[in-house]
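For reference, input17.cif (mmCIF, C-alpha atoms and all ligand atoms):
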data_query
loop_
_atom_site.label_atom_id
_atom_site.label_comp_id
_atom_site.auth_asym_id
_atom_site.auth_seq_id
_atom_site.Cartn_x
_atom_site.Cartn_y
_atom_site.Cartn_z
CA MET A 65 0.00 0.00 0.00
CA ALA A 66 1.22 3.51 -0.81
CA LEU A 67 2.28 5.98 1.86
CA GLU A 68 -0.08 8.87 2.38
CA ARG A 69 0.45 12.28 4.03
CA THR A 70 -1.86 14.25 6.27
CA PHE A 71 -1.65 17.59 8.05
CA SER A 72 -1.90 17.96 11.83
CA ILE A 73 -2.16 20.88 14.23
CA ILE A 74 -1.58 20.46 17.97
CA LYS A 75 -3.85 23.25 19.17
CA PRO A 76 -3.27 26.04 21.77
CA ASP A 77 -5.08 24.20 24.60
CA ALA A 78 -2.43 21.47 24.35
CA THR A 79 0.63 23.75 24.10
CA ARG A 80 -0.73 25.73 27.08
CA ARG A 81 -0.95 22.56 29.19
CA ASN A 82 2.49 21.38 28.02
CA ILE A 83 1.12 18.03 26.80
CA THR A 84 2.41 18.13 23.21
CA GLY A 85 4.80 15.24 23.88
CA LYS A 86 1.95 13.07 25.15
CA ILE A 87 0.02 13.80 21.94
CA ILE A 88 3.01 13.14 19.69
CA ASP A 89 3.48 9.82 21.52
CA ARG A 90 -0.08 8.83 20.55
CA ILE A 91 0.67 9.79 16.92
CA GLU A 92 3.92 7.80 16.79
CA SER A 93 2.49 4.82 18.68
CA SER A 94 -0.21 4.55 16.02
CA GLY A 95 2.47 3.98 13.38
CA LEU A 96 2.27 7.46 11.84
CA ARG A 97 5.61 9.23 11.33
CA VAL A 98 6.21 12.96 11.89
CA ILE A 99 8.05 14.06 8.72
CA ALA A 100 7.79 17.84 9.29
CA SER A 101 7.12 19.89 12.41
CA LYS A 102 7.28 23.48 13.60
CA ARG A 103 5.93 25.56 16.45
CA VAL A 104 4.18 28.74 15.29
CA HIS A 105 1.84 31.40 16.64
CA LEU A 106 -0.83 31.83 13.96
CA THR A 107 -1.83 35.31 12.89
CA ARG A 108 -5.55 36.08 12.67
CA GLU A 109 -5.22 36.17 8.87
CA GLN A 110 -3.56 32.74 8.79
CA ALA A 111 -6.22 31.19 11.06
CA GLU A 112 -9.09 32.77 9.10
CA GLY A 113 -7.59 31.54 5.84
CA PHE A 114 -6.99 28.06 7.15
CA TYR A 115 -10.56 27.70 8.45
CA ALA A 116 -12.19 29.65 5.56
CA VAL A 117 -14.47 26.67 4.85
CA HIS A 118 -16.14 27.36 8.24
CA ARG A 119 -16.52 31.13 7.67
CA GLU A 120 -20.34 31.00 7.75
CA ARG A 121 -20.56 28.72 10.79
CA PRO A 122 -21.71 30.28 14.10
CA PHE A 123 -18.51 29.17 15.87
CA PHE A 124 -16.11 30.70 13.31
CA GLY A 125 -15.17 33.83 15.30
CA GLU A 126 -14.58 31.92 18.52
CA LEU A 127 -12.64 29.23 16.68
CA VAL A 128 -10.27 31.81 15.18
CA ASP A 129 -9.85 33.56 18.57
CA PHE A 130 -9.02 30.19 20.13
CA MET A 131 -6.56 29.17 17.41
CA ILE A 132 -4.56 32.40 17.87
CA SER A 133 -4.73 32.32 21.69
CA GLY A 134 -1.34 30.62 21.94
CA PRO A 135 1.29 28.73 19.96
CA VAL A 136 0.45 25.62 17.95
CA ILE A 137 2.56 22.83 16.45
CA VAL A 138 1.93 22.20 12.77
CA GLN A 139 3.06 18.85 11.40
CA VAL A 140 3.02 16.61 8.37
CA LEU A 141 2.31 12.96 9.23
CA GLU A 142 3.08 10.07 6.92
CA GLY A 143 1.90 6.48 6.93
CA GLU A 144 -0.36 3.97 5.26
CA ASN A 145 -3.86 5.39 5.06
CA ALA A 146 -2.59 8.38 7.10
CA ILE A 147 -5.61 10.65 6.63
CA ALA A 148 -8.24 8.21 7.91
CA LYS A 149 -5.81 6.73 10.41
CA TYR A 150 -5.13 10.08 12.07
CA ARG A 151 -8.87 10.93 12.19
CA GLU A 152 -9.29 7.64 14.07
CA VAL A 153 -6.41 8.41 16.46
CA MET A 154 -7.85 11.91 17.12
CA GLY A 155 -11.42 10.78 17.84
CA ALA A 156 -14.70 12.68 17.37
CA THR A 157 -14.73 16.50 17.24
CA ASN A 158 -16.62 16.64 20.55
CA PRO A 159 -14.58 14.80 23.21
CA ALA A 160 -17.84 13.74 24.85
CA ASP A 161 -18.53 11.61 21.75
CA ALA A 162 -14.95 10.37 21.24
CA GLU A 163 -13.96 6.72 21.71
CA PRO A 164 -11.83 5.77 24.72
CA GLY A 165 -8.12 5.79 23.89
CA THR A 166 -8.40 8.62 21.34
CA ILE A 167 -6.47 11.88 21.75
CA ARG A 168 -9.61 13.98 22.09
CA LYS A 169 -11.25 11.65 24.63
CA ASP A 170 -8.14 11.63 26.78
CA PHE A 171 -6.86 15.22 26.39
CA ALA A 172 -9.46 17.60 24.90
CA GLU A 173 -11.07 20.25 27.10
CA SER A 174 -14.19 20.94 24.99
CA ILE A 175 -15.67 20.69 21.48
CA GLU A 176 -13.66 23.80 20.58
CA ALA A 177 -10.48 23.30 22.62
CA ASN A 178 -10.12 19.77 21.28
CA SER A 179 -6.31 19.55 21.22
CA VAL A 180 -5.75 18.50 17.59
CA HIS A 181 -6.69 19.11 13.98
CA GLY A 182 -6.31 16.58 11.19
CA SER A 183 -7.11 16.86 7.47
CA ASP A 184 -10.49 15.36 6.61
CA GLY A 185 -9.77 14.01 3.11
CA GLY A 186 -7.50 13.51 0.14
CA ASP A 187 -8.65 16.79 -1.36
CA THR A 188 -7.86 18.94 1.71
CA ALA A 189 -4.65 17.32 3.02
CA PRO A 190 -2.25 18.46 0.24
CA ASN A 191 -3.57 22.03 0.37
CA GLU A 192 -3.32 22.20 4.16
CA ILE A 193 0.27 20.90 3.98
CA LYS A 194 1.13 23.55 1.35
CA TYR A 195 -0.49 26.25 3.51
CA PHE A 196 2.25 25.79 6.13
CA PHE A 197 5.21 23.92 4.60
CA GLU A 198 7.62 24.33 1.70
CA ASP A 199 8.64 21.06 0.00
CA GLY A 200 12.17 21.37 1.45
CA GLU A 201 10.85 21.40 5.03
CA ILE A 202 9.29 17.95 4.62
CA VAL A 203 11.67 15.03 5.05
CA GLY A 204 9.95 11.71 4.41
P1 LIG B 301 -10.55 19.82 12.78
O1 LIG B 301 -10.96 20.43 11.45
O2 LIG B 301 -9.97 20.84 13.74
O3 LIG B 301 -9.66 18.62 12.60
O4 LIG B 301 -11.84 19.26 13.51
P2 LIG B 301 -13.05 18.46 12.91
O5 LIG B 301 -12.85 18.21 11.44
O6 LIG B 301 -13.27 17.28 13.78
O7 LIG B 301 -14.23 19.47 13.13
P3 LIG B 301 -14.77 20.64 12.16
O8 LIG B 301 -16.23 20.44 11.99
O9 LIG B 301 -13.90 20.76 10.94
O10 LIG B 301 -14.57 21.92 13.08
C1 LIG B 301 -13.33 22.59 13.14
C2 LIG B 301 -13.04 22.97 14.56
O11 LIG B 301 -13.95 23.98 14.98
C3 LIG B 301 -14.19 23.84 16.38
N1 LIG B 301 -15.61 23.64 16.60
N2 LIG B 301 -16.29 24.30 17.51
N3 LIG B 301 -18.35 25.32 19.15
C4 LIG B 301 -18.63 24.37 18.25
O12 LIG B 301 -19.75 23.91 18.11
C5 LIG B 301 -17.55 23.87 17.42
N4 LIG B 301 -17.67 22.96 16.47
C6 LIG B 301 -16.43 22.82 15.95
C7 LIG B 301 -13.37 22.65 16.86
O13 LIG B 301 -12.11 23.14 17.33
C8 LIG B 301 -13.22 21.85 15.60
O14 LIG B 301 -12.12 20.98 15.69
MG MG B 302 -12.31 19.72 10.05
#
Would you give me this structure, written as C-alpha cells?
Amino acid sequence: MALERTFSIIKPDATRRNITGKIIDRIESSGLRVIASKRVHLTREQAEGFYAVHRERPFFGELVDFMISGPVIVQVLEGENAIAKYREVMGATNPADAEPGTIRKDFAESIEANSVHGSDGGDTAPNEIKYFFEDGEIVG
C-alpha cells in the first residue's frame, strides 16, 4: 500500500498545558511518522484563511480567537492510510462523543479546545500541507 500524508495541528489548549509530547506519543504509537514539524503562533489572517471553509458557521469567530490564543505545532504525518488513520487516532470533534483511547477523549477540554486538527480528506490534506510547509521542510 502507498504511503499517504496528512496535516496535523496540535492546538493552543495542548501547548498551554504542556502536553504536546503526550500527543506526539499517541501519533507515533499509532504507526504514523512525523516528517515535518514546527511551532508557530498563527496570525488572525492565517487562522481565518486556514478555516475559511467554516466562515459562515456560528462558531467561526470563537474558533479563530481560540486558534490564535497561543502557539500551535503544525506537522506533516506520513503512513499507510494516514488521513483516515489520524482521524481515528484523534477521535470525534466533541470529546464527549470520542472513543476511549483517542487523543480527544483523553486530552481535549471541549468541542472547541479539542487539542488537535487533522485533514479530513484527500482533497484537503495536500492544500493544508502547502499552507504551512515548503517542499524542502518535509523530510519523508
Ligand atoms: P478539525 O478540522 O480541527 O480537525 O476538527 P473536525 O474536522 O473534527 O471538526 P470541524 O467540523 O472541521 O470543526 C473545526 C473545529 O472547529 C471547532 N468547533 N467548535 N463550538 C462548536 O460547536 C464547534 N464545532 C467545531 C473545533 O475546534 C473543531 O475541531
Ligand atoms: Mg475539520
Task: atom O4 of ligand LIG 301 (chain B) to atom CA of Lys75 of chain A, distance in Å rounded to a single decimal - done: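 Separation of atom O4 of ligand LIG 301 (chain B) and atom CA of Lys75 of chain A: 10.6 Å.
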TODO: Determine, counting only C-alpha atoms, every residue of protein, DNA or RNA that lies within 10 Å of (-7.6, 13.8, 3.5) in the file coordinates, then give the result as a list in words.
DONE: Glu68, Arg69, Thr70, Phe71, Asn145, Ala146, Ile147, Ala148, Tyr150, Arg151, Gly182, Ser183, Asp184, Gly185, Gly186, Asp187, Thr188, Ala189, Pro190, Asn191 and Glu192 of chain A
- [ ] Skip segment 152-159 of chain A itself and residues of its chain fewer than 4 positions away, then list as a PyMOL selection string all residues within 6 Å of it, counting only C-alpha atoms.
- [x] chain A and resi 166-169+175
Open item on the list: Let me make sure I understand: among A:Ile193, A:Ala160, A:Ile88, A:Val140, which one has the smallest atom-to-atom distance to Ala100 of chain A if we use all atoms listed in the file?
Closed with: A:Val140
TODO: Find, counting only C-alpha atoms and all ligand atoms, the residue in A:Ser133, A:Pro164, A:Val128, A:Phe171 that gets nearest to ligand LIG 301 (chain B).
DONE: A:Val128
